[in-house]
Structures are given as C-alpha cells and as structure tokens.
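**Q** Please find one structure pasted underneath; my questions will follow.
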Amino acid sequence: MSEGAALDDCGLQVLWDERLTSYDFGPGHPMNPIRIELTIALAREFGVLDHPNVTVAPFKAADDELLGLVHEEPYIAAVKHAGDTGLPDER
C-alpha cells in the first residue's frame, strides 16, 4: 500500500484556535508562540490541512474533571492561579 492510500483510509482532526499563539510560557518553553504559528503555517503550506480526510476544528477548554485524568488537583489550582494573577503559586 502506498503512503497516499494509507492517508485515504484514515482521518485526522487538527484542533486549532488562533488563541494558542497568545500563550507565552517563557523563552525556553517548547510551546513558544512562534513555534505554534510556524507549525500551522507549515501544515498549510504543504497542503496537509487541505487533504479531504483532514479537518480543522475549534476546541473548548478542558474542564477540571478532564484535567484531573492527567494532573493532580494542586497542580491544576497552581496553573489557574498563575493564569489569573500572572504570579507563581509557591505551593
């Protein structure tokens, strides 16, 4: 089976929102806004997002229950605190 045939047999959903480029976790963080912008631009340039089996969809923020599947509550609270105040939670 060719690579093209393999792509035709599956689907891909890209969750995207321009707001992802407004996050800035500091210069050393891998989710640097420019990396996010360049990744989506590259996917567009190569036509990845135009393939018939690829859909680009908005998403809603994960609620605490979903976040709790992979993070402990104190971590979730600390991230919320930092997001609300711009200050770290020293706990």
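Starting from 1 in every chain, residues are counted up; chains themselves are A, B, ... following the order of the structure tokens, and ligands are numbered from 1 as listed.
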In chain A, what's alpha helix (DSSP H) per DSSP? Answer as JSON, numbers by chain?

**A** {"A": [3, 4, 5, 6, 7, 8, 33, 34, 35, 36, 37, 38, 39, 40, 41, 42, 43, 44, 45, 64, 65, 66, 67, 73, 74, 75, 76, 77, 78, 79, 80, 81, 82, 83, 84, 85]}

**Q** Please write the residues from the selection above to a file, keeping N, CA and C atoms, as a compact mmCIF listing (two decimals), in the first residue's frame.

**A**
# COMPACT_ATOMS: atom_id res chain seq x y z
N GLU A 3 1.84 5.33 0.53
CA GLU A 3 1.58 6.26 1.64
C GLU A 3 0.29 7.02 1.42
N GLY A 4 0.02 7.41 0.18
CA GLY A 4 -1.21 8.14 -0.12
C GLY A 4 -2.44 7.32 0.19
N ALA A 5 -2.39 6.02 -0.14
CA ALA A 5 -3.54 5.15 0.14
C ALA A 5 -3.75 5.03 1.64
N ALA A 6 -2.68 4.98 2.40
CA ALA A 6 -2.81 4.87 3.85
C ALA A 6 -3.51 6.10 4.42
N LEU A 7 -3.20 7.28 3.91
CA LEU A 7 -3.83 8.51 4.39
C LEU A 7 -5.30 8.54 4.00
N ASP A 8 -5.62 7.99 2.83
CA ASP A 8 -7.01 7.97 2.38
C ASP A 8 -7.88 7.07 3.26
N PRO A 33 4.99 30.68 21.23
CA PRO A 33 4.00 31.08 20.22
C PRO A 33 4.51 31.01 18.79
N ILE A 34 5.76 31.36 18.56
CA ILE A 34 6.28 31.33 17.18
C ILE A 34 6.35 29.89 16.66
N ARG A 35 6.65 28.93 17.53
CA ARG A 35 6.67 27.53 17.10
C ARG A 35 5.27 27.06 16.72
N ILE A 36 4.27 27.50 17.47
CA ILE A 36 2.88 27.14 17.17
C ILE A 36 2.48 27.75 15.83
N GLU A 37 2.78 29.04 15.63
CA GLU A 37 2.46 29.70 14.38
C GLU A 37 3.15 29.04 13.19
N LEU A 38 4.43 28.74 13.34
CA LEU A 38 5.19 28.14 12.24
C LEU A 38 4.70 26.72 11.93
N THR A 39 4.31 25.98 12.93
CA THR A 39 3.81 24.62 12.71
C THR A 39 2.54 24.63 11.87
N ILE A 40 1.59 25.48 12.23
CA ILE A 40 0.33 25.53 11.48
C ILE A 40 0.57 26.11 10.09
N ALA A 41 1.48 27.08 9.97
CA ALA A 41 1.81 27.66 8.66
C ALA A 41 2.44 26.60 7.75
N LEU A 42 3.32 25.79 8.30
CA LEU A 42 3.96 24.73 7.53
C LEU A 42 2.94 23.69 7.07
N ALA A 43 2.03 23.32 7.95
CA ALA A 43 0.98 22.36 7.58
C ALA A 43 0.12 22.94 6.46
N ARG A 44 -0.18 24.22 6.54
CA ARG A 44 -0.97 24.86 5.47
C ARG A 44 -0.17 24.90 4.17
N GLU A 45 1.09 25.29 4.25
CA GLU A 45 1.94 25.41 3.06
C GLU A 45 2.10 24.08 2.32
N ASP A 64 -12.00 20.75 34.77
CA ASP A 64 -11.17 20.17 35.83
C ASP A 64 -11.24 18.64 35.87
N GLU A 65 -12.40 18.10 35.56
CA GLU A 65 -12.54 16.64 35.57
C GLU A 65 -11.62 16.00 34.52
N LEU A 66 -11.59 16.56 33.32
CA LEU A 66 -10.73 16.03 32.27
C LEU A 66 -9.26 16.25 32.62
N LEU A 67 -8.93 17.44 33.10
CA LEU A 67 -7.55 17.71 33.51
C LEU A 67 -7.11 16.77 34.62
N GLU A 73 -4.89 17.74 41.55
CA GLU A 73 -5.64 18.97 41.83
C GLU A 73 -4.75 20.14 42.23
N PRO A 74 -3.74 19.95 43.10
CA PRO A 74 -2.90 21.11 43.45
C PRO A 74 -2.19 21.74 42.24
N TYR A 75 -1.81 20.90 41.28
CA TYR A 75 -1.16 21.43 40.07
C TYR A 75 -2.17 22.25 39.25
N ILE A 76 -3.37 21.72 39.10
CA ILE A 76 -4.42 22.44 38.36
C ILE A 76 -4.69 23.79 39.02
N ALA A 77 -4.79 23.79 40.34
CA ALA A 77 -5.03 25.03 41.08
C ALA A 77 -3.88 26.02 40.90
N ALA A 78 -2.64 25.52 40.93
CA ALA A 78 -1.48 26.40 40.78
C ALA A 78 -1.45 27.03 39.39
N VAL A 79 -1.78 26.27 38.36
CA VAL A 79 -1.79 26.80 36.99
C VAL A 79 -2.89 27.84 36.84
N LYS A 80 -4.06 27.55 37.42
CA LYS A 80 -5.14 28.54 37.37
C LYS A 80 -4.73 29.83 38.08
N HIS A 81 -4.11 29.69 39.23
CA HIS A 81 -3.65 30.86 39.99
C HIS A 81 -2.67 31.69 39.15
N ALA A 82 -1.72 31.02 38.54
CA ALA A 82 -0.73 31.73 37.72
C ALA A 82 -1.41 32.41 36.53
N GLY A 83 -2.39 31.74 35.93
CA GLY A 83 -3.10 32.33 34.80
C GLY A 83 -3.93 33.53 35.20
N ASP A 84 -4.52 33.47 36.38
CA ASP A 84 -5.36 34.57 36.85
C ASP A 84 -4.56 35.78 37.32
N THR A 85 -3.42 35.51 37.95
CA THR A 85 -2.68 36.59 38.60
C THR A 85 -1.37 36.95 37.90

**Q** Hey, which bits of stretch 46-67 of chain A sit within 12 Å of stretch 12-27 of chain A, and for each residue what's the closest pair of atoms and how far apart in Å (one decimal), counting only C-alpha atoms, rows by chain and increasing number, as JSON lines?

**A**
{"residue": "A:Val48", "atom": "CA", "partner": "A:Leu12", "partner_atom": "CA", "distance": 9.9}
{"residue": "A:Leu49", "atom": "CA", "partner": "A:Val14", "partner_atom": "CA", "distance": 8.2}
{"residue": "A:Asp50", "atom": "CA", "partner": "A:Leu12", "partner_atom": "CA", "distance": 11.2}
{"residue": "A:His51", "atom": "CA", "partner": "A:Leu12", "partner_atom": "CA", "distance": 9.4}
{"residue": "A:Pro52", "atom": "CA", "partner": "A:Leu12", "partner_atom": "CA", "distance": 9.6}
{"residue": "A:Asn53", "atom": "CA", "partner": "A:Leu12", "partner_atom": "CA", "distance": 6.3}
{"residue": "A:Val54", "atom": "CA", "partner": "A:Leu12", "partner_atom": "CA", "distance": 4.8}
{"residue": "A:Thr55", "atom": "CA", "partner": "A:Gln13", "partner_atom": "CA", "distance": 4.8}
{"residue": "A:Val56", "atom": "CA", "partner": "A:Val14", "partner_atom": "CA", "distance": 4.7}
{"residue": "A:Ala57", "atom": "CA", "partner": "A:Leu15", "partner_atom": "CA", "distance": 5.0}
{"residue": "A:Pro58", "atom": "CA", "partner": "A:Trp16", "partner_atom": "CA", "distance": 5.4}
{"residue": "A:Phe59", "atom": "CA", "partner": "A:Leu15", "partner_atom": "CA", "distance": 6.1}
{"residue": "A:Lys60", "atom": "CA", "partner": "A:Asp17", "partner_atom": "CA", "distance": 9.4}
{"residue": "A:Ala61", "atom": "CA", "partner": "A:Asp17", "partner_atom": "CA", "distance": 10.9}

**Q** Write a file of the just-selected residues containing C-alpha atoms, as a compact mmCIF listing (two decimals), in the first residue's frame.

**A**
# COMPACT_ATOMS: atom_id res chain seq x y z
CA VAL A 48 -1.77 18.94 4.88
CA LEU A 49 -4.83 20.84 6.09
CA ASP A 50 -6.39 20.73 2.61
CA HIS A 51 -6.42 16.92 2.37
CA PRO A 52 -10.02 15.64 2.21
CA ASN A 53 -9.52 13.40 5.26
CA VAL A 54 -8.16 16.23 7.40
CA THR A 55 -10.47 18.53 9.32
CA VAL A 56 -9.51 21.58 11.32
CA ALA A 57 -11.80 22.11 14.29
CA PRO A 58 -12.06 24.53 17.19
CA PHE A 59 -11.99 23.19 20.72
CA LYS A 60 -13.18 24.17 24.13
CA ALA A 61 -11.03 24.35 27.22
